Amino acid sequence: LVSRKKKPEDTIIEINGEKFGDGNQHFIFGPCAVESYEQVASVAAEIKKKGLNLIRGGAFKPRTSPYDFQGLGFEGLKILKQVGEEYGLAVVSEIVNPAHIEQALDYIDVIQIGARNMQNFELLKAAGETNKPVLLKRGMSATISDFINAAEYINSRGNGQIILCERGIRTYEKATRNTLDITAVPILKQETHLPVMVDVTHSTGRRDLLLPAAKAALAIGADGVMAEVHPDPAVALSDSAQQMDFDMFESFMNELLKK
Ligand code: PEP
Ligand code: MN
């Protein structure tokens, strides 16, 4: 169903006035994790200033260590919904448990399925039974074919509103947190008719690489870029090394959009 051979024209997914897949560039910013109302609202104000229409934030955080901050759960989703309504932003948030999908639909506009859950087939099927757009991230050890099959799982249950997100894969290279597989973008665009985003935060894990990685993503044909923004990254409860503060966010966007 997701194959370009079956459907030659691009799928366009409309979210809060933006049409992912229409050939324009789209952006999803927000903190790694929802920490408080004030934190999310301050990021929302910066996003709004730039004329953007979506915000991301993790409420259920799939952390590598069980002792790291696990997220605020449904309390976090409530904060996102409130901020989304106040600032007119669509909310993107990761759901990790298929049993939470139905309840989460009351709070979020886009269901994110994270790298660690790309082959959680019950979660994929549950997201496929909704009518919300799904932001599907590539698993850290997934081949492009595995990734496309994960999207197929969602579509096979009826939901074709899928945005693919390359977020880097695990290789032997230690200079970056993951290795951004930049050519996955044109390959995914050739093989499927779905919009393709690049997450420059989790692929690089390095603040100094966010801008060049984002430029590369757009140059190679990505439909958009995702990155993390936090009012004070130094005290962030997760991903403190790679989130942008507001000054950096400002120059990131200015540089990225410079012709
Ligand atoms: C995230 O986007 O919040 C996240 C945890 O990313 P990934 O699933 O790609 O690691
Ligand atoms: Mn993060």
# chains A, B, ... in the order shown; residues from 1 in each chain; ligands from 1
$ residues_near_ligand --ligand "ligand 2" --cutoff "12 Å" --atoms "only C-alpha atoms and all ligand atoms" --output "number ranges by chain"
A: 29-34, 56-64, 69-71, 93-94, 114-115, 167, 177, 199-206, 226-230, 233, 236-244
$ write_last_selection --atoms "C-alpha atoms" --output "mmCIF file, in the first residue's frame"
data_model
loop_
_atom_site.group_PDB
_atom_site.id
_atom_site.type_symbol
_atom_site.label_atom_id
_atom_site.label_comp_id
_atom_site.auth_asym_id
_atom_site.auth_seq_id
_atom_site.Cartn_x
_atom_site.Cartn_y
_atom_site.Cartn_z
ATOM 1 C CA PHE A 29 10.245 21.486 16.945
ATOM 2 C CA GLY A 30 9.785 21.091 20.647
ATOM 3 C CA PRO A 31 11.433 19.769 23.767
ATOM 4 C CA CYS A 32 12.674 16.218 24.090
ATOM 5 C CA ALA A 33 10.401 15.672 27.074
ATOM 6 C CA VAL A 34 7.458 17.551 28.531
ATOM 7 C CA ARG A 56 6.554 18.010 19.645
ATOM 8 C CA GLY A 57 7.220 16.802 23.155
ATOM 9 C CA GLY A 58 7.639 13.419 24.776
ATOM 10 C CA ALA A 59 5.303 12.404 27.598
ATOM 11 C CA PHE A 60 6.103 8.688 27.500
ATOM 12 C CA LYS A 61 9.889 8.583 27.192
ATOM 13 C CA PRO A 62 11.417 5.267 26.076
ATOM 14 C CA ARG A 63 14.713 5.714 27.936
ATOM 15 C CA THR A 64 17.660 3.392 27.554
ATOM 16 C CA PHE A 69 13.428 10.388 33.553
ATOM 17 C CA GLN A 70 10.534 8.384 32.133
ATOM 18 C CA GLY A 71 8.230 11.278 31.278
ATOM 19 C CA SER A 93 3.878 13.013 20.900
ATOM 20 C CA GLU A 94 5.184 9.502 21.184
ATOM 21 C CA GLY A 114 9.694 5.948 18.150
ATOM 22 C CA ALA A 115 12.769 4.144 16.945
ATOM 23 C CA ARG A 167 16.644 9.439 12.726
ATOM 24 C CA ARG A 177 25.099 9.331 18.575
ATOM 25 C CA ASP A 199 15.309 14.174 12.856
ATOM 26 C CA VAL A 200 18.634 15.966 13.197
ATOM 27 C CA THR A 201 18.661 15.835 17.009
ATOM 28 C CA HIS A 202 18.628 12.095 17.615
ATOM 29 C CA SER A 203 20.609 11.203 14.503
ATOM 30 C CA THR A 204 23.575 13.409 15.377
ATOM 31 C CA GLY A 205 23.306 13.766 19.142
ATOM 32 C CA ARG A 206 25.435 16.880 18.677
ATOM 33 C CA MET A 226 12.549 17.703 13.228
ATOM 34 C CA ALA A 227 14.734 19.039 16.038
ATOM 35 C CA GLU A 228 14.557 19.542 19.774
ATOM 36 C CA VAL A 229 14.306 22.961 21.428
ATOM 37 C CA HIS A 230 14.383 23.603 25.184
ATOM 38 C CA PRO A 233 19.061 22.703 27.679
ATOM 39 C CA ALA A 236 16.834 19.460 30.564
ATOM 40 C CA LEU A 237 15.741 16.133 32.051
ATOM 41 C CA SER A 238 16.756 14.344 28.820
ATOM 42 C CA ASP A 239 18.951 14.986 25.763
ATOM 43 C CA SER A 240 20.660 17.950 27.371
ATOM 44 C CA ALA A 241 23.658 17.754 24.983
ATOM 45 C CA GLN A 242 21.739 18.246 21.771
ATOM 46 C CA GLN A 243 18.677 20.420 22.361
ATOM 47 C CA MET A 244 18.817 24.012 21.081
#
$ residues_around --residues "Tyr107 (chain A)" --least-positions-apart "5" --cutoff "9 Å" --atoms "only C-alpha atoms" --output "list in words"
Phe74, Leu77, Lys78, Ile79, Leu80, Lys81, Gln82 and Val91 of chain A
$ closest_residue --among "A:Val43, A:Val92, A:Ile163, A:Val2" --to "Asp247 (chain A)" --atoms "only C-alpha atoms"
A:Val43
$ closest_residue --among "A:Gly21, A:Leu72, A:Thr179, A:Asp10" --to "Ser36 (chain A)" --atoms "only C-alpha atoms"
A:Leu72
$ closest_residue --among "A:Val83, A:Leu124, A:Ile220, A:Ile169" --to "Gln39 (chain A)" --atoms "only C-alpha atoms"
A:Val83
$ residues_around --residues "Arg157 (chain A)" --least-positions-apart "2" --cutoff "8 Å" --atoms "only C-alpha atoms" --output "list of chain:residue names"
A:Lys125, A:Gly128, A:Glu129, A:Tyr153, A:Ile154, A:Asn155, A:Asn159
$ write_last_selection --atoms "C-alpha atoms" --output "short mmCIF file (atom, residue, chain, number, x, y, z; two decimals), in the first residue's frame"
data_model
loop_
_atom_site.label_atom_id
_atom_site.label_comp_id
_atom_site.auth_asym_id
_atom_site.auth_seq_id
_atom_site.Cartn_x
_atom_site.Cartn_y
_atom_site.Cartn_z
CA LYS A 125 -1.60 -2.03 14.21
CA GLY A 128 -3.25 1.90 11.97
CA GLU A 129 -6.75 1.62 13.38
CA TYR A 153 1.68 -2.52 8.99
CA ILE A 154 0.07 0.81 9.82
CA ASN A 155 -1.45 1.25 6.37
CA ASN A 159 -4.56 4.42 8.19
#
$ closest_residue --among "A:Gln103, A:Asn254, A:Asn178, A:Ser42" --to "ligand 1" --atoms "only C-alpha atoms and all ligand atoms"
A:Asn178
$ closest_residue --among "A:Glu250, A:Glu255, A:Glu173, A:Glu166" --to "ligand 1" --atoms "only C-alpha atoms and all ligand atoms"
A:Glu166
$ closest_residue --among "A:Gln119, A:Asn16, A:Ser145, A:Gln25" --to "ligand 1" --atoms "only C-alpha atoms and all ligand atoms"
A:Gln119
$ select_by_dssp --residues "region 43-221 of chain A" --states "alpha helix (DSSP H)" --output "ChimeraX atom specification"
/A:43-49,74-87,101-104,121-128,144-156,184-191,200-204,210-219
$ write_last_selection --atoms "C-alpha atoms" --output "mmCIF file, in the first residue's frame"
data_model
loop_
_atom_site.group_PDB
_atom_site.id
_atom_site.type_symbol
_atom_site.label_atom_id
_atom_site.label_comp_id
_atom_site.auth_asym_id
_atom_site.auth_seq_id
_atom_site.Cartn_x
_atom_site.Cartn_y
_atom_site.Cartn_z
ATOM 1 C CA VAL A 43 8.842 26.736 23.515
ATOM 2 C CA ALA A 44 5.404 27.080 21.902
ATOM 3 C CA ALA A 45 5.741 30.870 21.956
ATOM 4 C CA GLU A 46 9.069 30.638 20.067
ATOM 5 C CA ILE A 47 7.596 28.225 17.512
ATOM 6 C CA LYS A 48 4.588 30.470 16.989
ATOM 7 C CA LYS A 49 6.847 33.514 16.468
ATOM 8 C CA PHE A 74 -0.880 11.393 30.519
ATOM 9 C CA GLU A 75 -0.161 14.476 32.659
ATOM 10 C CA GLY A 76 2.359 15.434 29.985
ATOM 11 C CA LEU A 77 -0.182 14.878 27.203
ATOM 12 C CA LYS A 78 -2.626 17.158 29.042
ATOM 13 C CA ILE A 79 0.010 19.898 29.165
ATOM 14 C CA LEU A 80 0.668 19.486 25.444
ATOM 15 C CA LYS A 81 -3.017 19.678 24.603
ATOM 16 C CA GLN A 82 -3.496 22.817 26.674
ATOM 17 C CA VAL A 83 -0.465 24.516 25.148
ATOM 18 C CA GLY A 84 -1.460 23.353 21.659
ATOM 19 C CA GLU A 85 -4.884 24.947 22.061
ATOM 20 C CA GLU A 86 -3.515 28.162 23.557
ATOM 21 C CA TYR A 87 -0.945 28.663 20.793
ATOM 22 C CA ILE A 101 -3.513 4.853 21.843
ATOM 23 C CA GLU A 102 -7.238 5.311 22.238
ATOM 24 C CA GLN A 103 -6.981 7.554 25.294
ATOM 25 C CA ALA A 104 -4.110 9.496 23.732
ATOM 26 C CA PHE A 121 3.684 -4.645 15.626
ATOM 27 C CA GLU A 122 0.794 -4.390 18.083
ATOM 28 C CA LEU A 123 1.520 -0.676 18.434
ATOM 29 C CA LEU A 124 1.732 -0.268 14.652
ATOM 30 C CA LYS A 125 -1.605 -2.027 14.205
ATOM 31 C CA ALA A 126 -3.245 0.063 16.939
ATOM 32 C CA ALA A 127 -2.008 3.285 15.291
ATOM 33 C CA GLY A 128 -3.247 1.904 11.970
ATOM 34 C CA ILE A 144 15.060 0.631 4.795
ATOM 35 C CA SER A 145 13.031 -2.409 3.850
ATOM 36 C CA ASP A 146 12.170 -3.094 7.532
ATOM 37 C CA PHE A 147 11.161 0.554 7.851
ATOM 38 C CA ILE A 148 8.868 0.404 4.830
ATOM 39 C CA ASN A 149 7.313 -2.801 6.151
ATOM 40 C CA ALA A 150 6.593 -1.079 9.471
ATOM 41 C CA ALA A 151 4.740 1.654 7.561
ATOM 42 C CA GLU A 152 2.911 -1.068 5.662
ATOM 43 C CA TYR A 153 1.685 -2.517 8.986
ATOM 44 C CA ILE A 154 0.065 0.813 9.825
ATOM 45 C CA ASN A 155 -1.446 1.254 6.375
ATOM 46 C CA SER A 156 -2.678 -2.347 6.284
ATOM 47 C CA ALA A 184 17.620 6.872 3.003
ATOM 48 C CA VAL A 185 15.653 10.031 2.200
ATOM 49 C CA PRO A 186 15.693 9.791 -1.617
ATOM 50 C CA ILE A 187 15.409 6.008 -1.425
ATOM 51 C CA LEU A 188 12.275 6.275 0.738
ATOM 52 C CA LYS A 189 10.908 8.940 -1.604
ATOM 53 C CA GLN A 190 11.490 6.641 -4.590
ATOM 54 C CA GLU A 191 10.148 3.485 -2.988
ATOM 55 C CA VAL A 200 18.634 15.966 13.197
ATOM 56 C CA THR A 201 18.661 15.835 17.009
ATOM 57 C CA HIS A 202 18.628 12.095 17.615
ATOM 58 C CA SER A 203 20.609 11.203 14.503
ATOM 59 C CA THR A 204 23.575 13.409 15.377
ATOM 60 C CA LEU A 210 22.164 20.200 13.743
ATOM 61 C CA LEU A 211 22.413 22.915 11.100
ATOM 62 C CA PRO A 212 24.626 21.091 8.568
ATOM 63 C CA ALA A 213 22.528 17.936 8.959
ATOM 64 C CA ALA A 214 19.314 19.904 8.419
ATOM 65 C CA LYS A 215 20.765 21.611 5.322
ATOM 66 C CA ALA A 216 21.762 18.222 3.955
ATOM 67 C CA ALA A 217 18.302 16.802 4.668
ATOM 68 C CA LEU A 218 16.513 19.559 2.775
ATOM 69 C CA ALA A 219 19.066 19.518 -0.049
#
$ select_by_dssp --residues "region 111-181 of chain A" --states "strand (DSSP E or B)" --output "PyMOL selection string"
chain A and resi 111-113+134-137+162-166+169+179
